[in-house]
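Peer 1: If it helps, the file is called my_file_12.pdb and holds PDB, C-alpha atoms:
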MODEL        1
ATOM      1  CA  LEU A   1     -12.752 -11.388  28.997  1.00  0.00           C
ATOM      2  CA  ALA A   2     -11.348 -13.070  25.905  1.00  0.00           C
ATOM      3  CA  LEU A   3     -11.656 -11.443  22.508  1.00  0.00           C
ATOM      4  CA  LEU A   4     -12.963 -13.527  19.632  1.00  0.00           C
ATOM      5  CA  GLY A   5     -13.082 -12.761  15.929  1.00  0.00           C
ATOM      6  CA  MET A   6     -15.518 -14.075  13.339  1.00  0.00           C
ATOM      7  CA  ALA A   7     -15.862 -13.436   9.614  1.00  0.00           C
ATOM      8  CA  ALA A   8     -18.769 -14.617   7.508  1.00  0.00           C
ATOM      9  CA  SER A   9     -18.643 -15.306   3.790  1.00  0.00           C
ATOM     10  CA  ALA A  10     -21.462 -14.070   1.647  1.00  0.00           C
ATOM     11  CA  PRO A  11     -23.897 -16.877   0.749  1.00  0.00           C
ATOM     12  CA  GLY A  12     -22.472 -19.091  -1.973  1.00  0.00           C
ATOM     13  CA  VAL A  13     -18.996 -17.536  -1.736  1.00  0.00           C
ATOM     14  CA  ALA A  14     -15.938 -19.621  -0.913  1.00  0.00           C
ATOM     15  CA  ALA A  15     -14.377 -19.039   2.486  1.00  0.00           C
ATOM     16  CA  ASP A  16     -11.079 -17.912   0.939  1.00  0.00           C
ATOM     17  CA  SER A  17     -12.744 -15.352  -1.321  1.00  0.00           C
ATOM     18  CA  GLN A  18     -11.792 -11.681  -1.116  1.00  0.00           C
ATOM     19  CA  THR A  19     -15.480 -10.732  -0.690  1.00  0.00           C
ATOM     20  CA  THR A  20     -15.900 -11.894   2.896  1.00  0.00           C
ATOM     21  CA  ALA A  21     -17.881  -9.742   5.289  1.00  0.00           C
ATOM     22  CA  PRO A  22     -16.070  -7.509   7.779  1.00  0.00           C
ATOM     23  CA  VAL A  23     -14.640  -9.260  10.828  1.00  0.00           C
ATOM     24  CA  GLN A  24     -16.833  -9.020  13.924  1.00  0.00           C
ATOM     25  CA  VAL A  25     -15.146  -8.805  17.313  1.00  0.00           C
ATOM     26  CA  GLY A  26     -16.791 -10.561  20.256  1.00  0.00           C
ATOM     27  CA  VAL A  27     -16.024 -11.377  23.886  1.00  0.00           C
ATOM     28  CA  TYR A  28     -16.150 -14.577  25.903  1.00  0.00           C
ATOM     29  CA  TYR A  29     -18.148 -14.343  29.143  1.00  0.00           C
ATOM     30  CA  PHE A  30     -17.537 -16.793  31.982  1.00  0.00           C
ATOM     31  CA  PRO A  31     -20.393 -16.612  34.515  1.00  0.00           C
ATOM     32  CA  GLY A  32     -18.337 -17.212  37.642  1.00  0.00           C
ATOM     33  CA  TRP A  33     -18.848 -13.921  39.454  1.00  0.00           C
ATOM     34  CA  SER A  34     -21.804 -14.604  41.702  1.00  0.00           C
ATOM     35  CA  LYS A  35     -21.956 -15.890  45.256  1.00  0.00           C
ATOM     36  CA  ASN A  36     -22.604 -19.515  46.235  1.00  0.00           C
ATOM     37  CA  LEU A  37     -22.273 -21.004  42.756  1.00  0.00           C
ATOM     38  CA  PRO A  38     -22.232 -24.810  42.367  1.00  0.00           C
ATOM     39  CA  GLU A  39     -18.745 -26.336  42.582  1.00  0.00           C
ATOM     40  CA  ALA A  40     -17.135 -22.953  43.319  1.00  0.00           C
ATOM     41  CA  VAL A  41     -13.953 -22.989  45.413  1.00  0.00           C
ATOM     42  CA  TYR A  42     -14.969 -19.788  47.221  1.00  0.00           C
ATOM     43  CA  PRO A  43     -18.552 -18.914  48.253  1.00  0.00           C
ATOM     44  CA  ASP A  44     -17.720 -15.329  47.286  1.00  0.00           C
ATOM     45  CA  PRO A  45     -15.429 -15.262  44.210  1.00  0.00           C
ATOM     46  CA  TRP A  46     -14.269 -11.714  44.948  1.00  0.00           C
ATOM     47  CA  VAL A  47     -12.717 -12.610  48.313  1.00  0.00           C
ATOM     48  CA  PRO A  48      -9.407 -14.027  47.008  1.00  0.00           C
ATOM     49  CA  ILE A  49      -8.990 -11.034  44.688  1.00  0.00           C
ATOM     50  CA  ALA A  50      -9.534  -8.413  47.394  1.00  0.00           C
ATOM     51  CA  LYS A  51      -5.815  -8.278  48.264  1.00  0.00           C
ATOM     52  CA  TYR A  52      -5.019  -7.442  44.631  1.00  0.00           C
ATOM     53  CA  PRO A  53      -6.945  -4.178  44.143  1.00  0.00           C
ATOM     54  CA  ASP A  54      -5.351  -3.602  40.725  1.00  0.00           C
ATOM     55  CA  ARG A  55      -7.306  -6.642  39.468  1.00  0.00           C
ATOM     56  CA  ILE A  56     -10.728  -5.432  40.541  1.00  0.00           C
ATOM     57  CA  PRO A  57     -12.728  -4.464  37.406  1.00  0.00           C
ATOM     58  CA  LEU A  58     -13.192  -0.775  36.699  1.00  0.00           C
ATOM     59  CA  ILE A  59     -16.934  -1.190  37.362  1.00  0.00           C
ATOM     60  CA  GLY A  60     -16.115  -2.666  40.780  1.00  0.00           C
ATOM     61  CA  ARG A  61     -17.236  -6.002  42.165  1.00  0.00           C
ATOM     62  CA  TYR A  62     -20.407  -7.199  40.521  1.00  0.00           C
ATOM     63  CA  ASP A  63     -22.893 -10.071  40.559  1.00  0.00           C
ATOM     64  CA  ASN A  64     -23.605 -11.552  37.158  1.00  0.00           C
ATOM     65  CA  ASN A  65     -26.954 -12.830  38.376  1.00  0.00           C
ATOM     66  CA  SER A  66     -28.067  -9.220  38.069  1.00  0.00           C
ATOM     67  CA  PRO A  67     -29.871  -7.916  34.952  1.00  0.00           C
ATOM     68  CA  SER A  68     -28.811  -4.367  35.908  1.00  0.00           C
ATOM     69  CA  VAL A  69     -25.159  -5.462  35.866  1.00  0.00           C
ATOM     70  CA  MET A  70     -25.660  -7.081  32.476  1.00  0.00           C
ATOM     71  CA  ARG A  71     -27.282  -3.895  31.206  1.00  0.00           C
ATOM     72  CA  GLN A  72     -24.222  -1.904  32.273  1.00  0.00           C
ATOM     73  CA  GLN A  73     -21.879  -4.409  30.647  1.00  0.00           C
ATOM     74  CA  LEU A  74     -23.849  -4.406  27.393  1.00  0.00           C
ATOM     75  CA  ASP A  75     -23.686  -0.612  27.324  1.00  0.00           C
ATOM     76  CA  GLN A  76     -19.920  -0.862  27.694  1.00  0.00           C
ATOM     77  CA  MET A  77     -19.761  -3.476  24.913  1.00  0.00           C
ATOM     78  CA  ASN A  78     -21.697  -1.136  22.667  1.00  0.00           C
ATOM     79  CA  GLU A  79     -19.262   1.665  23.424  1.00  0.00           C
ATOM     80  CA  GLY A  80     -16.401  -0.668  22.529  1.00  0.00           C
ATOM     81  CA  HIS A  81     -18.032  -1.805  19.256  1.00  0.00           C
ATOM     82  CA  ILE A  82     -18.289  -5.410  20.451  1.00  0.00           C
ATOM     83  CA  ALA A  83     -20.515  -7.336  18.033  1.00  0.00           C
ATOM     84  CA  PHE A  84     -21.293 -10.471  20.034  1.00  0.00           C
ATOM     85  CA  VAL A  85     -20.868 -12.082  23.439  1.00  0.00           C
ATOM     86  CA  VAL A  86     -20.186 -15.797  23.947  1.00  0.00           C
ATOM     87  CA  PHE A  87     -21.654 -17.233  27.149  1.00  0.00           C
ATOM     88  CA  ASN A  88     -20.043 -20.283  28.706  1.00  0.00           C
ATOM     89  CA  LEU A  89     -22.638 -23.015  29.222  1.00  0.00           C
ATOM     90  CA  ALA A  90     -21.727 -26.324  30.874  1.00  0.00           C
ATOM     91  CA  ASN A  91     -23.717 -29.536  31.371  1.00  0.00           C
ATOM     92  CA  GLY A  92     -25.869 -28.604  28.425  1.00  0.00           C
ATOM     93  CA  VAL A  93     -28.258 -25.981  29.750  1.00  0.00           C
ATOM     94  CA  ASP A  94     -28.458 -26.206  33.517  1.00  0.00           C
ATOM     95  CA  ARG A  95     -25.086 -25.156  34.990  1.00  0.00           C
ATOM     96  CA  LEU A  96     -24.193 -21.499  35.538  1.00  0.00           C
ATOM     97  CA  PRO A  97     -26.805 -20.079  33.144  1.00  0.00           C
ATOM     98  CA  GLN A  98     -27.436 -16.952  35.210  1.00  0.00           C
ATOM     99  CA  ALA A  99     -25.473 -14.482  33.076  1.00  0.00           C
ATOM    100  CA  LEU A 100     -27.179 -15.700  29.916  1.00  0.00           C
ATOM    101  CA  TYR A 101     -30.579 -15.383  31.613  1.00  0.00           C
ATOM    102  CA  ALA A 102     -29.672 -11.834  32.637  1.00  0.00           C
ATOM    103  CA  TYR A 103     -28.769 -11.068  29.022  1.00  0.00           C
ATOM    104  CA  MET A 104     -32.070 -12.405  27.751  1.00  0.00           C
ATOM    105  CA  ALA A 105     -33.930 -10.305  30.310  1.00  0.00           C
ATOM    106  CA  VAL A 106     -32.413  -6.969  29.288  1.00  0.00           C
ATOM    107  CA  ALA A 107     -30.738  -7.163  25.866  1.00  0.00           C
ATOM    108  CA  LYS A 108     -32.188  -5.048  23.081  1.00  0.00           C
ATOM    109  CA  SER A 109     -32.058  -5.696  19.350  1.00  0.00           C
ATOM    110  CA  THR A 110     -29.288  -3.095  19.056  1.00  0.00           C
ATOM    111  CA  ASP A 111     -27.070  -4.795  21.657  1.00  0.00           C
ATOM    112  CA  PRO A 112     -24.344  -7.332  20.852  1.00  0.00           C
ATOM    113  CA  LYS A 113     -25.731 -10.663  19.670  1.00  0.00           C
ATOM    114  CA  PHE A 114     -25.288 -13.701  21.904  1.00  0.00           C
ATOM    115  CA  THR A 115     -24.093 -17.224  21.367  1.00  0.00           C
ATOM    116  CA  MET A 116     -22.859 -20.153  23.470  1.00  0.00           C
ATOM    117  CA  LEU A 117     -19.642 -21.983  24.123  1.00  0.00           C
ATOM    118  CA  TRP A 118     -20.680 -25.483  25.166  1.00  0.00           C
ATOM    119  CA  ASP A 119     -18.136 -26.382  27.846  1.00  0.00           C
ATOM    120  CA  ASN A 120     -18.406 -30.116  27.211  1.00  0.00           C
ATOM    121  CA  HIS A 121     -15.533 -31.507  29.265  1.00  0.00           C
ATOM    122  CA  ASP A 122     -17.963 -33.591  31.340  1.00  0.00           C
ATOM    123  CA  GLN A 123     -20.045 -36.725  30.737  1.00  0.00           C
ATOM    124  CA  HIS A 124     -23.394 -34.990  30.277  1.00  0.00           C
ATOM    125  CA  ILE A 125     -24.178 -36.683  26.951  1.00  0.00           C
ATOM    126  CA  ALA A 126     -24.737 -40.381  27.637  1.00  0.00           C
ATOM    127  CA  SER A 127     -27.150 -41.327  24.841  1.00  0.00           C
ATOM    128  CA  GLN A 128     -28.466 -40.217  21.481  1.00  0.00           C
ATOM    129  CA  GLN A 129     -31.629 -39.068  23.243  1.00  0.00           C
ATOM    130  CA  ASP A 130     -29.546 -36.843  25.536  1.00  0.00           C
ATOM    131  CA  TRP A 131     -28.046 -35.214  22.452  1.00  0.00           C
ATOM    132  CA  ASP A 132     -31.409 -34.761  20.730  1.00  0.00           C
ATOM    133  CA  ASN A 133     -32.869 -33.240  23.899  1.00  0.00           C
ATOM    134  CA  LEU A 134     -29.908 -30.872  24.244  1.00  0.00           C
ATOM    135  CA  ILE A 135     -30.118 -29.614  20.662  1.00  0.00           C
ATOM    136  CA  THR A 136     -33.898 -29.267  20.809  1.00  0.00           C
ATOM    137  CA  THR A 137     -33.600 -27.197  23.995  1.00  0.00           C
ATOM    138  CA  TRP A 138     -30.889 -25.008  22.501  1.00  0.00           C
ATOM    139  CA  VAL A 139     -32.883 -24.379  19.346  1.00  0.00           C
ATOM    140  CA  ALA A 140     -36.225 -23.738  21.037  1.00  0.00           C
ATOM    141  CA  ARG A 141     -34.900 -21.694  23.955  1.00  0.00           C
ATOM    142  CA  TYR A 142     -32.074 -19.722  22.353  1.00  0.00           C
ATOM    143  CA  MET A 143     -31.371 -20.190  18.640  1.00  0.00           C
ATOM    144  CA  THR A 144     -34.730 -19.002  17.381  1.00  0.00           C
ATOM    145  CA  ASP A 145     -34.251 -15.744  19.313  1.00  0.00           C
ATOM    146  CA  SER A 146     -33.621 -12.806  16.953  1.00  0.00           C
ATOM    147  CA  ARG A 147     -30.700 -11.706  19.159  1.00  0.00           C
ATOM    148  CA  TYR A 148     -28.812 -14.960  18.601  1.00  0.00           C
ATOM    149  CA  LEU A 149     -25.582 -14.736  16.579  1.00  0.00           C
ATOM    150  CA  ARG A 150     -25.915 -16.133  13.064  1.00  0.00           C
ATOM    151  CA  VAL A 151     -23.510 -16.622  10.187  1.00  0.00           C
ATOM    152  CA  ASN A 152     -25.175 -16.945   6.789  1.00  0.00           C
ATOM    153  CA  GLY A 153     -28.459 -17.397   8.622  1.00  0.00           C
ATOM    154  CA  GLN A 154     -27.205 -20.271  10.781  1.00  0.00           C
ATOM    155  CA  PRO A 155     -27.012 -19.895  14.574  1.00  0.00           C
ATOM    156  CA  VAL A 156     -23.462 -20.363  15.873  1.00  0.00           C
ATOM    157  CA  VAL A 157     -22.442 -22.623  18.756  1.00  0.00           C
ATOM    158  CA  ILE A 158     -18.862 -23.272  19.833  1.00  0.00           C
ATOM    159  CA  VAL A 159     -17.951 -26.783  21.016  1.00  0.00           C
ATOM    160  CA  PHE A 160     -15.184 -26.550  23.607  1.00  0.00           C
ATOM    161  CA  SER A 161     -13.859 -30.084  23.022  1.00  0.00           C
ATOM    162  CA  PRO A 162     -14.600 -31.796  19.688  1.00  0.00           C
ATOM    163  CA  LYS A 163     -12.554 -34.757  20.931  1.00  0.00           C
ATOM    164  CA  ASN A 164     -14.750 -35.247  23.986  1.00  0.00           C
ATOM    165  CA  LEU A 165     -17.884 -35.077  21.843  1.00  0.00           C
ATOM    166  CA  ASP A 166     -16.510 -37.952  19.755  1.00  0.00           C
ATOM    167  CA  VAL A 167     -15.528 -39.868  22.904  1.00  0.00           C
ATOM    168  CA  ARG A 168     -18.990 -39.444  24.414  1.00  0.00           C
ATOM    169  CA  ALA A 169     -20.686 -40.444  21.140  1.00  0.00           C
ATOM    170  CA  ALA A 170     -18.616 -43.623  20.981  1.00  0.00           C
ATOM    171  CA  THR A 171     -19.997 -44.759  24.353  1.00  0.00           C
ATOM    172  CA  PHE A 172     -23.411 -45.234  22.739  1.00  0.00           C
ATOM    173  CA  GLY A 173     -22.294 -46.438  19.310  1.00  0.00           C
ATOM    174  CA  SER A 174     -22.251 -43.139  17.473  1.00  0.00           C
ATOM    175  CA  ASP A 175     -19.722 -40.478  16.462  1.00  0.00           C
ATOM    176  CA  ALA A 176     -19.487 -36.708  16.242  1.00  0.00           C
ATOM    177  CA  ALA A 177     -20.334 -36.597  12.540  1.00  0.00           C
ATOM    178  CA  ALA A 178     -23.599 -38.444  13.138  1.00  0.00           C
ATOM    179  CA  LEU A 179     -24.528 -36.236  16.089  1.00  0.00           C
ATOM    180  CA  LEU A 180     -23.831 -33.001  14.219  1.00  0.00           C
ATOM    181  CA  SER A 181     -25.902 -34.308  11.314  1.00  0.00           C
ATOM    182  CA  ARG A 182     -28.807 -35.039  13.669  1.00  0.00           C
ATOM    183  CA  ALA A 183     -28.487 -31.503  15.040  1.00  0.00           C
ATOM    184  CA  GLN A 184     -28.911 -30.095  11.538  1.00  0.00           C
ATOM    185  CA  THR A 185     -32.076 -32.157  11.061  1.00  0.00           C
ATOM    186  CA  ILE A 186     -33.516 -30.839  14.339  1.00  0.00           C
ATOM    187  CA  ALA A 187     -32.659 -27.261  13.363  1.00  0.00           C
ATOM    188  CA  HIS A 188     -34.443 -27.712  10.021  1.00  0.00           C
ATOM    189  CA  ARG A 189     -37.584 -28.836  11.850  1.00  0.00           C
ATOM    190  CA  PHE A 190     -37.629 -25.445  13.561  1.00  0.00           C
ATOM    191  CA  GLY A 191     -37.292 -23.627  10.251  1.00  0.00           C
ATOM    192  CA  LEU A 192     -33.592 -22.821  10.628  1.00  0.00           C
ATOM    193  CA  PRO A 193     -31.124 -23.327   7.741  1.00  0.00           C
ATOM    194  CA  GLY A 194     -28.887 -25.388  10.024  1.00  0.00           C
ATOM    195  CA  ILE A 195     -26.429 -24.751  12.856  1.00  0.00           C
ATOM    196  CA  ALA A 196     -22.875 -23.444  12.380  1.00  0.00           C
ATOM    197  CA  PHE A 197     -20.848 -25.546  14.819  1.00  0.00           C
ATOM    198  CA  VAL A 198     -17.395 -24.145  15.633  1.00  0.00           C
ATOM    199  CA  ALA A 199     -14.758 -26.620  16.824  1.00  0.00           C
ATOM    200  CA  GLY A 200     -12.715 -25.397  19.765  1.00  0.00           C
ATOM    201  CA  SER A 201      -9.055 -26.163  19.156  1.00  0.00           C
ATOM    202  CA  GLY A 202      -5.507 -25.607  20.181  1.00  0.00           C
ATOM    203  CA  PRO A 203      -2.708 -26.101  17.630  1.00  0.00           C
ATOM    204  CA  GLN A 204      -4.062 -29.495  16.560  1.00  0.00           C
ATOM    205  CA  HIS A 205      -3.121 -29.807  12.906  1.00  0.00           C
ATOM    206  CA  ASP A 206      -5.256 -32.840  12.001  1.00  0.00           C
ATOM    207  CA  LEU A 207      -8.356 -31.417  13.680  1.00  0.00           C
ATOM    208  CA  ILE A 208      -7.953 -28.080  11.921  1.00  0.00           C
ATOM    209  CA  THR A 209      -7.131 -29.391   8.457  1.00  0.00           C
ATOM    210  CA  LYS A 210      -9.079 -32.669   8.283  1.00  0.00           C
ATOM    211  CA  THR A 211     -11.218 -33.909  11.147  1.00  0.00           C
ATOM    212  CA  ALA A 212     -13.379 -30.868  11.899  1.00  0.00           C
ATOM    213  CA  LYS A 213     -14.544 -30.395   8.306  1.00  0.00           C
ATOM    214  CA  ALA A 214     -15.191 -34.115   7.847  1.00  0.00           C
ATOM    215  CA  GLU A 215     -17.299 -34.215  11.006  1.00  0.00           C
ATOM    216  CA  GLY A 216     -19.449 -31.282   9.908  1.00  0.00           C
ATOM    217  CA  TYR A 217     -17.998 -28.287  11.746  1.00  0.00           C
ATOM    218  CA  ALA A 218     -18.327 -24.941   9.976  1.00  0.00           C
ATOM    219  CA  ALA A 219     -15.142 -23.458  11.468  1.00  0.00           C
TER     220      ALA A 219
ENDMDL
END
Would you mind writing the file out in structure tokens?
Peer 2:
Amino acid sequence: LALLGMAASAPGVAADSQTTAPVQVGVYYFPGWSKNLPEAVYPDPWVPIAKYPDRIPLIGRYDNNSPSVMRQQLDQMNEGHIAFVVFNLANGVDRLPQALYAYMAVAKSTDPKFTMLWDNHDQHIASQQDWDNLITTWVARYMTDSRYLRVNGQPVVIVFSPKNLDVRAATFGSDAAALLSRAQTIAHRFGLPGIAFVAGSGPQHDLITKTAKAEGYAA
């Protein structure tokens, strides 16, 4: 699991202010530990690890289709003071959603909040309607849930590749800024104060200092 940190400014307070809220620590959750998953190299993902017993998790081999497994993992997150869990979601909403579904089946209000990393390195978005449908599904199915991670009231979603979003938008005469703006409009229709989009990035100076803010990313 990867550790992630997030700090939220108080409403109306600049991001560089000394009055920011305490940092929350979260974990990234890749849902690749179930049998017979689409596009998987191995039908059973634990098979190639079996000869390396030191790499088997302390809880043993598990199936992240299982709500009982998720319940155990959430209990462990609580013990470790983890504030939120970020579920990998590819192809919009329909690829490898099983761990997120398990979370939604068992998570309590006192458990870590959940959010999504949209793994958008594919060609799933081919039109403006595709984008509108994706955002509407996200908002209706997940972001209005009280367990969803919010910063200053806005649900958070991490975009794996801001560059690919711009590339996909260009194929139908749009750009990332326009798509993120449309997403805010859709969120407002559902009574939300907007969506806090987080741009995934390596050490890309222009993206961090210029492009992301201009396109409408919150972080």
Peer 1: Please return as a list in words every residue within 10 Å of (-11.5, -25.1, 14.5), taking into account only C-alpha atoms and the file's own coordinates.
Peer 2: Ile158, Val159, Phe160, Pro162, Phe197, Val198, Ala199, Gly200, Ser201, Gly202, Pro203, Gln204, His205, Leu207, Ile208, Thr209, Thr211, Ala212, Lys213, Tyr217, Ala218 and Ala219 of chain A
Peer 1: Atom CA of A:Asn133 and atom CA of A:Val106 are how many Å apart?
Peer 2: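 Between atom CA of A:Asn133 and atom CA of A:Val106 the gap works out to 26.8 Å.
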Peer 1: Is there a way to get, as a PyMOL selection string, all residues within 7 Å of the point (-27.8, -19.0, 20.0) in file coordinates, counting only C-alpha atoms?
Peer 2: chain A and resi 114-116+142-143+148-149+155-157
Peer 1: Of the candidates A:Ala126, A:Val47, A:Ala140, A:Leu37, which one gets nearest to A:Gln98 if we count all atoms listed in the file?
Peer 2: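 Closest residue, counting all atoms listed in the file: A:Leu37.
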Peer 1: Give me the result of the PyMOL selection byres ((chain A and resi 167) around 12) on this file, residue by residue, as a ChimeraX atom specification.
Peer 2: /A:120-127,161-166,168-177,179
Peer 1: Using C-alpha atoms, can you export the residues from the last selection as an mmCIF file, keeping the file's coordinate frame?
Peer 2:
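That gives us part_33.cif:
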data_model
loop_
_atom_site.group_PDB
_atom_site.id
_atom_site.type_symbol
_atom_site.label_atom_id
_atom_site.label_comp_id
_atom_site.auth_asym_id
_atom_site.auth_seq_id
_atom_site.Cartn_x
_atom_site.Cartn_y
_atom_site.Cartn_z
ATOM 1 C CA ASN A 120 -18.406 -30.116 27.211
ATOM 2 C CA HIS A 121 -15.533 -31.507 29.265
ATOM 3 C CA ASP A 122 -17.963 -33.591 31.340
ATOM 4 C CA GLN A 123 -20.045 -36.725 30.737
ATOM 5 C CA HIS A 124 -23.394 -34.990 30.277
ATOM 6 C CA ILE A 125 -24.178 -36.683 26.951
ATOM 7 C CA ALA A 126 -24.737 -40.381 27.637
ATOM 8 C CA SER A 127 -27.150 -41.327 24.841
ATOM 9 C CA SER A 161 -13.859 -30.084 23.022
ATOM 10 C CA PRO A 162 -14.600 -31.796 19.688
ATOM 11 C CA LYS A 163 -12.554 -34.757 20.931
ATOM 12 C CA ASN A 164 -14.750 -35.247 23.986
ATOM 13 C CA LEU A 165 -17.884 -35.077 21.843
ATOM 14 C CA ASP A 166 -16.510 -37.952 19.755
ATOM 15 C CA ARG A 168 -18.990 -39.444 24.414
ATOM 16 C CA ALA A 169 -20.686 -40.444 21.140
ATOM 17 C CA ALA A 170 -18.616 -43.623 20.981
ATOM 18 C CA THR A 171 -19.997 -44.759 24.353
ATOM 19 C CA PHE A 172 -23.411 -45.234 22.739
ATOM 20 C CA GLY A 173 -22.294 -46.438 19.310
ATOM 21 C CA SER A 174 -22.251 -43.139 17.473
ATOM 22 C CA ASP A 175 -19.722 -40.478 16.462
ATOM 23 C CA ALA A 176 -19.487 -36.708 16.242
ATOM 24 C CA ALA A 177 -20.334 -36.597 12.540
ATOM 25 C CA LEU A 179 -24.528 -36.236 16.089
#
Peer 1: Skip A:His81 itself and residues of its chain fewer than 6 positions away, then list as a list in words all residues within 10 Å of it, counting all atoms listed in the file.
Peer 2: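 My reading of the contact set: Gln24, Val25, Gly26, Asp75, Asp111 and Pro112 of chain A.
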Peer 1: Figure out the distance between atom CA of A:Tyr103 and atom CA of A:Ala50, please, to one decimal in Å.
Peer 2: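 Separation of atom CA of A:Ala50 and atom CA of A:Tyr103: 26.7 Å.
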Peer 1: Rounded to one decimal in Å, what is the spacing between atom CA of A:Val86 and atom CA of A:Asp119?
Peer 2: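 Value for the atom CA of A:Val86-atom CA of A:Asp119 distance: 11.5 Å.
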Peer 1: Write out as a ChimeraX atom specification the residues lying within 7 Å of A:Asn64, counting all atoms listed in the file and excluding same-chain residues fewer than 6 positions away.
Peer 2: /A:31,33-34,70,98-99
Peer 1: Go ahead and save the picked residues with C-alpha atoms, as an mmCIF file, keeping the file's coordinate frame.
Peer 2:
data_model
loop_
_atom_site.group_PDB
_atom_site.id
_atom_site.type_symbol
_atom_site.label_atom_id
_atom_site.label_comp_id
_atom_site.auth_asym_id
_atom_site.auth_seq_id
_atom_site.Cartn_x
_atom_site.Cartn_y
_atom_site.Cartn_z
ATOM 1 C CA PRO A 31 -20.393 -16.612 34.515
ATOM 2 C CA TRP A 33 -18.848 -13.921 39.454
ATOM 3 C CA SER A 34 -21.804 -14.604 41.702
ATOM 4 C CA MET A 70 -25.660 -7.081 32.476
ATOM 5 C CA GLN A 98 -27.436 -16.952 35.210
ATOM 6 C CA ALA A 99 -25.473 -14.482 33.076
#
Peer 1: Please identify all polymer residues within 12 Å of A:Asp63, counting all atoms listed in the file, omitting same-chain residues fewer than 2 positions from it, and present them as a ChimeraX atom specification.
Peer 2: /A:31-37,44-46,59-61,65-70,72-73,98-99,102
Peer 1: Given the file shown, enumerate the residues that the PyMOL selection byres ((chain A and resi 190) around 12) captures and present them as a PyMOL selection string.
Peer 2: chain A and resi 135-145+154+183-189+191-195
Peer 1: Hey, can you spit out that residue selection with C-alpha atoms as a PDB file, in the frame of the given file?
Peer 2:
ATOM      1  CA  ILE A 135     -30.118 -29.614  20.662  1.00  0.00           C
ATOM      2  CA  THR A 136     -33.898 -29.267  20.809  1.00  0.00           C
ATOM      3  CA  THR A 137     -33.600 -27.197  23.995  1.00  0.00           C
ATOM      4  CA  TRP A 138     -30.889 -25.008  22.501  1.00  0.00           C
ATOM      5  CA  VAL A 139     -32.883 -24.379  19.346  1.00  0.00           C
ATOM      6  CA  ALA A 140     -36.225 -23.738  21.037  1.00  0.00           C
ATOM      7  CA  ARG A 141     -34.900 -21.694  23.955  1.00  0.00           C
ATOM      8  CA  TYR A 142     -32.074 -19.722  22.353  1.00  0.00           C
ATOM      9  CA  MET A 143     -31.371 -20.190  18.640  1.00  0.00           C
ATOM     10  CA  THR A 144     -34.730 -19.002  17.381  1.00  0.00           C
ATOM     11  CA  ASP A 145     -34.251 -15.744  19.313  1.00  0.00           C
ATOM     12  CA  GLN A 154     -27.205 -20.271  10.781  1.00  0.00           C
ATOM     13  CA  ALA A 183     -28.487 -31.503  15.040  1.00  0.00           C
ATOM     14  CA  GLN A 184     -28.911 -30.095  11.538  1.00  0.00           C
ATOM     15  CA  THR A 185     -32.076 -32.157  11.061  1.00  0.00           C
ATOM     16  CA  ILE A 186     -33.516 -30.839  14.339  1.00  0.00           C
ATOM     17  CA  ALA A 187     -32.659 -27.261  13.363  1.00  0.00           C
ATOM     18  CA  HIS A 188     -34.443 -27.712  10.021  1.00  0.00           C
ATOM     19  CA  ARG A 189     -37.584 -28.836  11.850  1.00  0.00           C
ATOM     20  CA  GLY A 191     -37.292 -23.627  10.251  1.00  0.00           C
ATOM     21  CA  LEU A 192     -33.592 -22.821  10.628  1.00  0.00           C
ATOM     22  CA  PRO A 193     -31.124 -23.327   7.741  1.00  0.00           C
ATOM     23  CA  GLY A 194     -28.887 -25.388  10.024  1.00  0.00           C
ATOM     24  CA  ILE A 195     -26.429 -24.751  12.856  1.00  0.00           C
TER      25      ILE A 195
END
Peer 1: When you count only C-alpha atoms, which of these residues is closest to A:Ala90: A:Lys210, A:Gln129, A:Ala105, A:Pro38?
Peer 2: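 The shortest atom-to-atom distance to A:Ala90 comes from A:Pro38.
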Peer 1: Select, from A:Leu96, A:Leu58, A:Ala40, A:Val151, the residue with the minimum atom-to-atom distance to A:Phe84, counting all atoms listed in the file.
Peer 2: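 Ranked by minimum distance to A:Phe84, first place goes to A:Val151.
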Peer 1: Please return stretch 210-217 of chain A, rebuilt to N, CA and C atoms, as an mmCIF file, in the coordinates of the input.
Peer 2:
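Heads up, here's the output in part-v7.cif:
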data_model
loop_
_atom_site.group_PDB
_atom_site.id
_atom_site.type_symbol
_atom_site.label_atom_id
_atom_site.label_comp_id
_atom_site.auth_asym_id
_atom_site.auth_seq_id
_atom_site.Cartn_x
_atom_site.Cartn_y
_atom_site.Cartn_z
ATOM 1 N N LYS A 210 -8.359 -31.487 8.781
ATOM 2 C CA LYS A 210 -9.079 -32.669 8.283
ATOM 3 C C LYS A 210 -10.346 -32.983 9.085
ATOM 4 N N THR A 211 -10.152 -33.309 10.353
ATOM 5 C CA THR A 211 -11.218 -33.909 11.147
ATOM 6 C C THR A 211 -12.432 -33.021 11.277
ATOM 7 N N ALA A 212 -12.250 -31.745 11.628
ATOM 8 C CA ALA A 212 -13.379 -30.868 11.899
ATOM 9 C C ALA A 212 -14.296 -30.748 10.681
ATOM 10 N N LYS A 213 -13.723 -30.527 9.513
ATOM 11 C CA LYS A 213 -14.544 -30.395 8.306
ATOM 12 C C LYS A 213 -15.266 -31.701 7.990
ATOM 13 N N ALA A 214 -14.575 -32.822 8.130
ATOM 14 C CA ALA A 214 -15.191 -34.115 7.847
ATOM 15 C C ALA A 214 -16.345 -34.415 8.798
ATOM 16 N N GLU A 215 -16.254 -33.941 10.029
ATOM 17 C CA GLU A 215 -17.299 -34.215 11.006
ATOM 18 C C GLU A 215 -18.486 -33.257 10.885
ATOM 19 N N GLY A 216 -18.325 -32.187 10.123
ATOM 20 C CA GLY A 216 -19.449 -31.282 9.908
ATOM 21 C C GLY A 216 -19.356 -29.951 10.591
ATOM 22 N N TYR A 217 -18.174 -29.603 11.134
ATOM 23 C CA TYR A 217 -17.998 -28.287 11.746
ATOM 24 C C TYR A 217 -17.872 -27.228 10.647
#
